[in-house]
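Student: My structure file data.cif, mmCIF, C-alpha atoms, is below:
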```
data_protein
loop_
_atom_site.label_atom_id
_atom_site.label_comp_id
_atom_site.auth_asym_id
_atom_site.auth_seq_id
_atom_site.Cartn_x
_atom_site.Cartn_y
_atom_site.Cartn_z
CA MET A 19 -1.02 44.03 61.49
CA VAL A 20 -0.69 44.97 57.84
CA MET A 21 -2.25 47.52 55.49
CA ARG A 22 -3.74 46.47 52.18
CA ILE A 23 -2.76 48.84 49.41
CA THR A 24 -3.82 48.66 45.76
CA VAL A 25 -0.84 49.59 43.61
CA LYS A 26 -1.40 50.59 39.98
CA LEU A 27 1.55 51.00 37.64
CA PHE A 28 1.61 52.71 34.26
CA ALA A 29 3.76 52.78 31.13
CA THR A 30 7.38 51.62 31.63
CA PHE A 31 6.76 50.85 35.32
CA ARG A 32 4.62 47.88 34.21
CA GLU A 33 7.48 46.18 32.40
CA ASN A 34 8.53 43.08 34.38
CA ARG A 35 6.19 44.11 37.19
CA PHE A 36 2.40 44.31 37.00
CA LYS A 37 -0.47 46.60 36.02
CA GLU A 38 -2.37 46.39 39.28
CA ALA A 39 -1.87 44.42 42.48
CA ARG A 40 -3.21 44.32 46.02
CA ARG A 41 -0.21 44.29 48.30
CA GLU A 42 0.38 44.27 52.03
CA TYR A 43 2.64 46.70 53.85
CA PRO A 44 3.35 47.47 57.51
CA PRO A 45 1.81 50.61 59.02
CA GLY A 46 3.94 53.69 58.41
CA THR A 47 4.86 52.65 54.87
CA THR A 48 5.40 55.65 52.57
CA VAL A 49 5.07 56.01 48.81
CA ALA A 50 8.88 56.03 48.64
CA ASP A 51 8.99 52.68 50.51
CA VAL A 52 6.62 51.11 47.97
CA ALA A 53 8.66 52.47 45.06
CA ALA A 54 11.88 51.14 46.62
CA GLU A 55 10.33 47.71 47.22
CA LEU A 56 9.28 47.61 43.56
CA GLU A 57 12.76 48.79 42.51
CA ILE A 58 11.34 51.90 40.87
CA GLU A 59 13.88 54.70 40.88
CA ALA A 60 12.35 57.71 42.61
CA GLY A 61 13.82 60.10 40.04
CA LEU A 62 11.88 58.39 37.26
CA ILE A 63 8.50 58.91 38.93
CA GLY A 64 6.49 61.64 37.24
CA MET A 65 3.12 61.49 38.95
CA ILE A 66 1.89 59.95 42.18
CA PHE A 67 -1.85 59.65 42.79
CA ILE A 68 -3.56 58.39 45.90
CA HIS A 69 -7.26 57.96 45.18
CA GLY A 70 -6.80 60.25 42.16
CA ARG A 71 -5.16 63.08 44.09
CA ALA A 72 -1.53 64.09 43.66
CA ALA A 73 0.72 63.00 46.52
CA GLU A 74 4.40 63.21 47.43
CA LEU A 75 6.99 60.48 47.94
CA ASP A 76 7.01 60.99 51.71
CA ARG A 77 3.26 60.48 52.04
CA VAL A 78 2.40 57.80 54.62
CA LEU A 79 -0.09 55.32 53.19
CA GLU A 80 -3.29 54.26 54.89
CA GLU A 81 -5.29 51.05 54.83
CA GLY A 82 -7.24 50.74 51.57
CA ASP A 83 -5.30 53.40 49.69
CA VAL A 84 -5.18 53.13 45.90
CA LEU A 85 -1.70 54.24 44.86
CA ALA A 86 -0.92 54.95 41.19
CA LEU A 87 2.63 55.56 39.96
CA PHE A 88 3.40 57.06 36.55
CA PRO A 89 6.80 57.61 34.94
CA LEU A 90 7.71 60.93 33.38
CA LEU A 91 6.48 60.89 29.78
CA GLY A 92 8.30 63.97 28.64
CA GLY A 93 8.77 63.39 24.92
CA GLY A 94 6.86 65.15 22.21
CA MET B 29 -19.71 82.24 5.58
CA LEU B 30 -18.42 79.03 4.08
CA SER B 31 -17.79 79.05 0.34
CA LYS B 32 -19.20 76.39 -1.98
CA LEU B 33 -15.80 74.71 -2.08
CA GLU B 34 -15.55 74.80 1.72
CA LEU B 35 -19.01 73.25 2.02
CA GLU B 36 -17.81 70.41 -0.17
CA ARG B 37 -14.44 70.09 1.59
CA TYR B 38 -16.04 69.87 5.02
CA SER B 39 -19.15 67.94 3.97
CA ARG B 40 -18.31 64.90 6.16
CA HIS B 41 -18.07 67.18 9.20
CA ILE B 42 -21.24 69.01 8.29
CA LEU B 43 -23.02 65.66 7.98
CA LEU B 44 -22.21 64.91 11.62
CA ARG B 45 -25.34 65.71 13.61
CA ASP B 46 -23.38 67.28 16.49
CA VAL B 47 -21.08 69.36 14.27
CA GLY B 48 -23.07 70.51 11.24
CA GLY B 49 -22.72 73.93 9.67
CA PRO B 50 -22.60 75.75 13.03
CA GLY B 51 -19.75 73.53 14.22
CA GLN B 52 -17.82 74.09 11.01
CA HIS B 53 -18.24 77.84 11.40
CA LYS B 54 -16.83 77.57 14.93
CA LEU B 55 -13.81 75.71 13.56
CA LYS B 56 -13.26 78.42 10.94
CA ALA B 57 -13.44 81.15 13.57
CA ALA B 58 -11.08 79.37 15.99
CA ARG B 59 -7.46 80.34 16.70
CA VAL B 60 -5.36 77.43 18.02
CA LEU B 61 -1.80 77.65 19.29
CA CYS B 62 0.20 74.46 18.65
CA VAL B 63 3.24 74.31 20.93
CA GLY B 64 5.74 72.00 19.30
CA ALA B 65 5.83 71.02 15.64
CA GLY B 66 7.45 67.64 16.26
CA GLY B 67 6.04 64.16 16.80
CA LEU B 68 2.86 65.03 18.68
CA GLY B 69 2.54 68.30 16.81
CA SER B 70 2.54 66.57 13.41
CA PRO B 71 -0.92 64.93 13.61
CA VAL B 72 -2.23 67.84 15.65
CA ILE B 73 -1.26 70.29 12.90
CA GLU B 74 -2.42 68.05 10.06
CA TYR B 75 -5.83 67.18 11.53
CA LEU B 76 -6.58 70.71 12.71
CA ALA B 77 -5.61 72.09 9.29
CA ALA B 78 -7.64 69.49 7.43
CA ALA B 79 -10.60 70.11 9.76
CA GLY B 80 -10.65 73.77 8.77
CA VAL B 81 -9.48 75.46 11.95
CA GLY B 82 -9.25 79.07 10.76
CA THR B 83 -5.93 80.06 12.29
CA LEU B 84 -3.06 77.88 13.50
CA GLY B 85 -0.17 79.36 15.46
CA LEU B 86 2.96 77.20 15.39
CA VAL B 87 5.64 77.47 18.07
CA ASP B 88 8.95 75.67 17.61
CA ASP B 89 12.53 76.95 17.36
CA ASP B 90 13.95 73.66 16.08
CA ARG B 91 14.96 72.60 12.58
CA VAL B 92 13.97 69.37 10.84
CA SER B 93 16.58 66.62 11.20
CA LEU B 94 16.78 63.26 9.50
CA SER B 95 16.13 61.45 12.80
CA ASN B 96 12.82 63.34 13.17
CA LEU B 97 11.29 61.86 10.03
CA GLN B 98 10.58 58.39 11.50
CA ARG B 99 7.63 59.92 13.38
CA GLN B 100 7.25 63.64 12.60
CA VAL B 101 5.08 63.09 9.55
CA VAL B 102 4.28 66.76 8.98
CA HIS B 103 7.86 67.13 7.72
CA SER B 104 9.44 65.59 4.64
CA THR B 105 12.93 64.55 3.59
CA GLU B 106 13.41 67.56 1.32
CA ASN B 107 12.86 69.85 4.34
CA VAL B 108 15.74 68.55 6.47
CA GLY B 109 17.53 71.62 7.81
CA LYS B 110 14.52 73.93 7.50
CA LEU B 111 12.78 75.51 10.47
CA LYS B 112 10.05 73.10 11.59
CA VAL B 113 7.42 75.84 11.61
CA GLU B 114 8.22 76.71 7.99
CA SER B 115 8.21 73.07 6.95
CA ALA B 116 4.84 72.59 8.69
CA ARG B 117 3.44 75.69 6.99
CA GLU B 118 4.19 74.15 3.59
CA ARG B 119 2.33 70.99 4.58
CA ILE B 120 -0.66 72.97 5.90
CA ALA B 121 -0.87 74.95 2.66
CA ALA B 122 -0.86 71.69 0.72
CA ILE B 123 -3.61 70.18 2.91
CA ASN B 124 -5.90 73.20 3.19
CA PRO B 125 -5.16 76.65 1.75
CA ASN B 126 -8.07 78.11 3.77
CA VAL B 127 -6.03 77.94 6.99
CA ALA B 128 -4.13 81.04 8.11
CA VAL B 129 -0.77 80.11 9.66
CA GLU B 130 1.17 82.23 12.13
CA LEU B 131 4.79 81.21 12.71
CA HIS B 132 6.56 81.64 16.03
CA PRO B 133 10.08 80.23 15.56
CA LEU B 134 11.09 80.78 19.17
CA ARG B 135 11.57 78.97 22.46
CA LEU B 136 8.82 79.80 24.92
CA ASP B 137 9.98 81.57 28.05
CA ALA B 138 8.46 83.56 30.87
CA ASP B 139 8.81 86.78 28.84
CA ASN B 140 7.02 85.72 25.65
CA VAL B 141 4.57 83.02 26.74
CA GLY B 142 1.84 85.28 28.10
CA GLU B 143 1.35 87.36 24.98
CA LEU B 144 1.50 84.32 22.73
CA VAL B 145 -1.00 82.21 24.68
CA GLY B 146 -3.19 85.26 25.12
CA ALA B 147 -3.46 85.72 21.35
CA TYR B 148 -5.22 82.36 20.81
CA ASP B 149 -8.48 80.69 21.85
CA TYR B 150 -7.11 77.20 22.48
CA VAL B 151 -3.68 75.75 23.24
CA VAL B 152 -2.40 72.28 22.44
CA ASP B 153 0.91 71.27 23.94
CA GLY B 154 3.07 68.58 22.33
CA THR B 155 6.38 69.91 23.52
CA ASP B 156 9.33 67.69 24.40
CA ASN B 157 10.25 68.96 27.86
CA PHE B 158 8.71 69.57 31.27
CA PRO B 159 9.84 73.18 31.89
CA THR B 160 7.87 74.25 28.78
CA ARG B 161 4.89 72.08 29.77
CA PHE B 162 4.71 73.77 33.17
CA LEU B 163 5.11 77.22 31.61
CA VAL B 164 2.36 76.59 29.06
CA ALA B 165 0.00 75.00 31.60
CA ASP B 166 0.40 77.77 34.19
CA THR B 167 0.00 80.46 31.52
CA ALA B 168 -3.05 78.84 29.91
CA TYR B 169 -4.61 78.70 33.38
CA ALA B 170 -3.81 82.35 34.12
CA ARG B 171 -5.10 83.45 30.69
CA ARG B 172 -8.16 81.18 30.94
CA LYS B 173 -7.43 79.23 27.77
CA PRO B 174 -8.43 75.59 27.32
CA LEU B 175 -5.32 73.41 27.10
CA VAL B 176 -4.88 69.93 25.68
CA THR B 177 -1.55 68.47 26.75
CA ALA B 178 0.14 65.21 25.80
CA GLY B 179 3.43 63.42 26.40
CA VAL B 180 5.08 60.30 25.02
CA LEU B 181 8.06 58.01 25.53
CA GLU B 182 9.05 54.65 24.09
CA PHE B 183 5.71 52.79 23.60
CA TYR B 184 3.60 54.94 25.90
CA GLY B 185 1.74 58.20 26.05
CA SER B 186 -0.66 60.30 28.06
CA VAL B 187 -3.15 63.01 27.17
CA THR B 188 -5.54 65.17 29.15
CA THR B 189 -7.56 68.37 28.83
CA LEU B 190 -7.34 71.23 31.30
CA LEU B 191 -9.88 73.97 32.00
CA PRO B 192 -8.92 74.71 35.61
CA TYR B 193 -10.56 78.17 35.63
CA ALA B 194 -13.98 76.63 34.88
CA MET B 195 -16.35 74.75 37.15
CA ASP B 196 -17.43 71.14 36.90
CA THR B 197 -21.06 70.05 37.01
CA ASN B 198 -20.95 70.16 40.83
CA GLY B 199 -19.82 73.79 40.84
CA GLN B 200 -16.26 72.88 41.85
CA PRO B 201 -13.21 74.12 39.93
CA ASN B 202 -11.72 71.60 37.50
CA PRO B 203 -8.25 70.25 38.27
CA SER B 204 -5.18 72.04 36.96
CA TRP B 205 -1.88 70.71 35.61
CA ARG B 206 -0.47 71.21 39.10
CA CYS B 207 -3.03 68.70 40.37
CA LEU B 208 -1.25 66.14 38.19
CA MET B 209 2.28 67.31 38.94
CA PRO B 210 2.56 69.78 41.82
CA ARG B 211 6.07 70.84 40.83
CA GLU B 212 8.63 70.40 38.11
CA PRO B 213 10.64 67.17 38.28
CA GLU B 214 14.00 67.60 40.00
CA THR B 215 15.77 65.31 37.58
CA ALA B 216 15.69 65.86 33.84
CA ALA B 217 13.15 63.54 32.23
CA LEU B 218 14.29 60.91 29.78
CA THR B 219 13.86 62.05 26.19
CA CYS B 220 12.98 60.31 22.94
CA SER B 221 16.55 60.94 21.77
CA GLU B 222 17.83 58.98 24.77
CA VAL B 223 15.46 56.01 24.99
CA GLY B 224 13.60 56.07 21.69
CA ILE B 225 9.99 56.25 20.59
CA LEU B 226 7.91 54.03 18.32
CA GLY B 227 6.87 56.30 15.46
CA GLY B 228 3.18 55.49 15.51
CA VAL B 229 2.86 56.28 19.22
CA VAL B 230 3.06 60.02 18.56
CA GLY B 231 0.48 59.52 15.80
CA VAL B 232 -1.98 57.96 18.26
CA LEU B 233 -1.44 60.54 21.01
CA GLY B 234 -1.27 63.53 18.67
CA THR B 235 -4.46 62.43 16.94
CA LEU B 236 -6.21 62.04 20.30
CA ALA B 237 -5.05 65.55 21.23
CA ALA B 238 -6.35 66.92 17.92
CA CYS B 239 -9.73 65.26 18.53
CA GLU B 240 -9.90 66.89 21.96
CA VAL B 241 -9.28 70.33 20.42
CA LEU B 242 -11.91 69.74 17.73
CA LYS B 243 -14.40 68.65 20.43
CA LEU B 244 -13.66 71.70 22.57
CA ILE B 245 -14.15 74.07 19.62
CA THR B 246 -17.39 72.47 18.44
CA GLY B 247 -18.68 71.71 21.93
CA VAL B 248 -19.23 68.07 21.03
CA GLY B 249 -19.09 65.29 23.61
CA THR B 250 -17.15 65.07 26.84
CA PRO B 251 -13.56 66.28 26.95
CA LEU B 252 -10.81 64.64 29.04
CA ILE B 253 -11.25 67.07 31.92
CA GLY B 254 -10.22 65.39 35.19
CA ARG B 255 -9.33 62.28 33.23
CA LEU B 256 -5.86 61.25 32.19
CA LEU B 257 -5.85 58.88 29.25
CA MET B 258 -2.85 56.56 29.52
CA VAL B 259 -1.99 54.75 26.31
CA ASP B 260 0.10 51.59 26.33
CA ILE B 261 0.94 50.60 22.76
CA ARG B 262 3.39 47.89 23.88
CA ASP B 263 0.67 45.67 25.34
CA MET B 264 -2.13 47.67 23.66
CA GLY B 265 -4.22 49.08 26.46
CA PHE B 266 -5.99 52.33 27.18
CA ASP B 267 -6.59 53.36 30.80
CA LEU B 268 -8.69 56.34 31.85
CA VAL B 269 -7.46 57.56 35.22
CA ASP B 270 -9.69 60.01 37.08
CA TYR B 271 -7.93 62.81 38.92
CA TYR B 272 -9.21 65.58 41.10
CA ARG B 273 -8.39 69.11 42.04
CA ASN B 274 -5.92 69.39 44.86
CA PRO B 275 -6.47 72.59 46.88
CA ALA B 276 -2.90 72.27 48.15
CA SER B 277 -1.43 72.41 44.65
CA PRO B 278 0.67 75.45 43.84
CA VAL B 279 -0.93 78.02 41.49
CA PHE B 280 -4.35 76.56 42.10
CA GLY B 281 -6.91 79.27 42.68
CA GLN B 282 -4.67 81.94 41.20
CA GLY B 283 -4.83 83.43 37.74
#
```
Let's see the structure in the file written out as structure tokens.

Tutor:
Amino acid sequence: MVMRITVKLFATFRENRFKEARREYPPGTTVADVAAELEIEAGLIGMIFIHGRAAELDRVLEEGDVLALFPLLGGG
Amino acid sequence: MLSKLELERYSRHILLRDVGGPGQHKLKAARVLCVGAGGLGSPVIEYLAAAGVGTLGLVDDDRVSLSNLQRQVVHSTENVGKLKVESARERIAAINPNVAVELHPLRLDADNVGELVGAYDYVVDGTDNFPTRFLVADTAYARRKPLVTAGVLEFYGSVTTLLPYAMDTNGQPNPSWRCLMPREPETAALTCSEVGILGGVVGVLGTLAACEVLKLITGVGTPLIGRLLMVDIRDMGFDLVDYYRNPASPVFGQG
């Protein structure tokens, strides 16, 4: 059994990856697991949204979740 | 009252059906605090000054350096070494002498931020670090001031508008900054001086931020409340990402 998760990436995270993809993960997968699989360094993640609501790295994903990952855009 | 010269200067605003004379009067009466007189702050300051915002407060403790000039268009080569707020004041005076400018050459901290934010009607944040962004966002929330906040890096940027003390059309409170980022990042964010920034990117994001402020003041259109505009100049794409209030977010419901 697998979960289908829509992963959306923004800004630098898109480079050599993708903008949006439907991906399959085993139950129990966390946001941190997805980031690790995509080789996104946790320390570079600025915002995490699941269905438009802020979430943490240790959040366990659920079937049908829409996960969006944004890097820190700290310059001015 | 607008003088004859002001009526001529702002005629293209006054022609706009949704702005008109009443909108221009609102701009003249408005006090806007611009946090950061750097890359994002440059177009913010220039467009708000040109638009006839009555009073601009400028916060920045930095001095103009040669490496700023590739993107910080409010400053000029002859002003290298000058305080950024003083350099920006010269530019504002050249654009529109009707604008009153208040200089705050200081670094915002917990002791001075409340009084400063409290003295203005609107806040626009184009600072270059997250501790200041959190400080400004939390304070604007507590003081019930509309905040437009933007960030950039490399070829990318984001901008959104925060009125977390106000209700949406469903009677629910709008999201706060802490609904985007519940807490400050543990690691220091990469900076433009470390990884670079395409000059025009700050022009795009700063101009968008200025437009949001002008819309808030005049009451025109729909601001970016609950919507994060992500700008990708590298592959040229704009994404509007909806976000929602998070009752579990720190600070939410306080202030």

Student: So which one's closest to B:Gly179, A:Ala29, A:Ala60, A:Met19, A:Ile66? Using all atoms listed in the file, please.

Tutor: A:Ala29

Student: At a cut-off of 8 Å, using only C-alpha atoms, what residues contact stretch 73-83 of chain A? Leave out same-chain residues fewer than 3 positions from it and give the result as a list in words.

Tutor: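 The residues satisfying every condition are Met21, Arg22, Ile23, Thr24, Pro45, Gly46, Thr47, Thr48, Val49, Ala50, Ile66, Phe67, Ile68 and His69 of chain A.
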
Student: Neighbouring residues of B:Leu244 were defined as those with any atom within 9 Å, considering all atoms listed in the file; residues of the same chain fewer than 6 positions away were excluded. Please report them as a VMD selection string.

Tutor: chain B and resid 150 174 250 to 251

Student: Care to translate the PyMOL selection byres ((chain B) within 6 of (chain A)) into actual residues of this file, as a PyMOL selection string?

Tutor: chain B and resi 67-68+154-157+179-181+184+207-209+219-220+270-272

Student: Can you give me, as a ChimeraX atom specification, the residues this file yields under the PyMOL selection byres ((chain B and resi 115) around 10)?

Tutor: /B:65,91-92,102-104,106-114,116-120

Student: For the structure provided, state which residues fall under the PyMOL selection byres ((chain B and resi 278) around 10), and present them as a PyMOL selection string.

Tutor: chain B and resi 166+204-207+209-211+274-277+279-282

Student: Which one of A:Ile58, A:Ala53, A:Val25, A:Val84 sits closest to A:Lys37 if you count only C-alpha atoms?

Tutor: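 For A:Lys37, the nearest of the candidates is A:Val25.
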
Student: Just give me the gap between atom CA of B:Leu233 and atom CA of B:Pro159 in Å, one decimal is fine.

Tutor: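 Result for atom CA of B:Leu233 versus atom CA of B:Pro159: 20.1 Å, one decimal.
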
Student: Calculate how many Å separate atom CA of B:Ile225 from atom CA of B:Thr189, rounding to one decimal.

Tutor: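 Value for the atom CA of B:Ile225-atom CA of B:Thr189 distance: 22.9 Å.
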
Student: Do you have the atom CA of B:Gly80-atom CA of B:Gly227 distance handy?

Tutor: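 Computing the Euclidean distance for atom CA of B:Gly80 and atom CA of B:Gly227 yields 25.6 Å.
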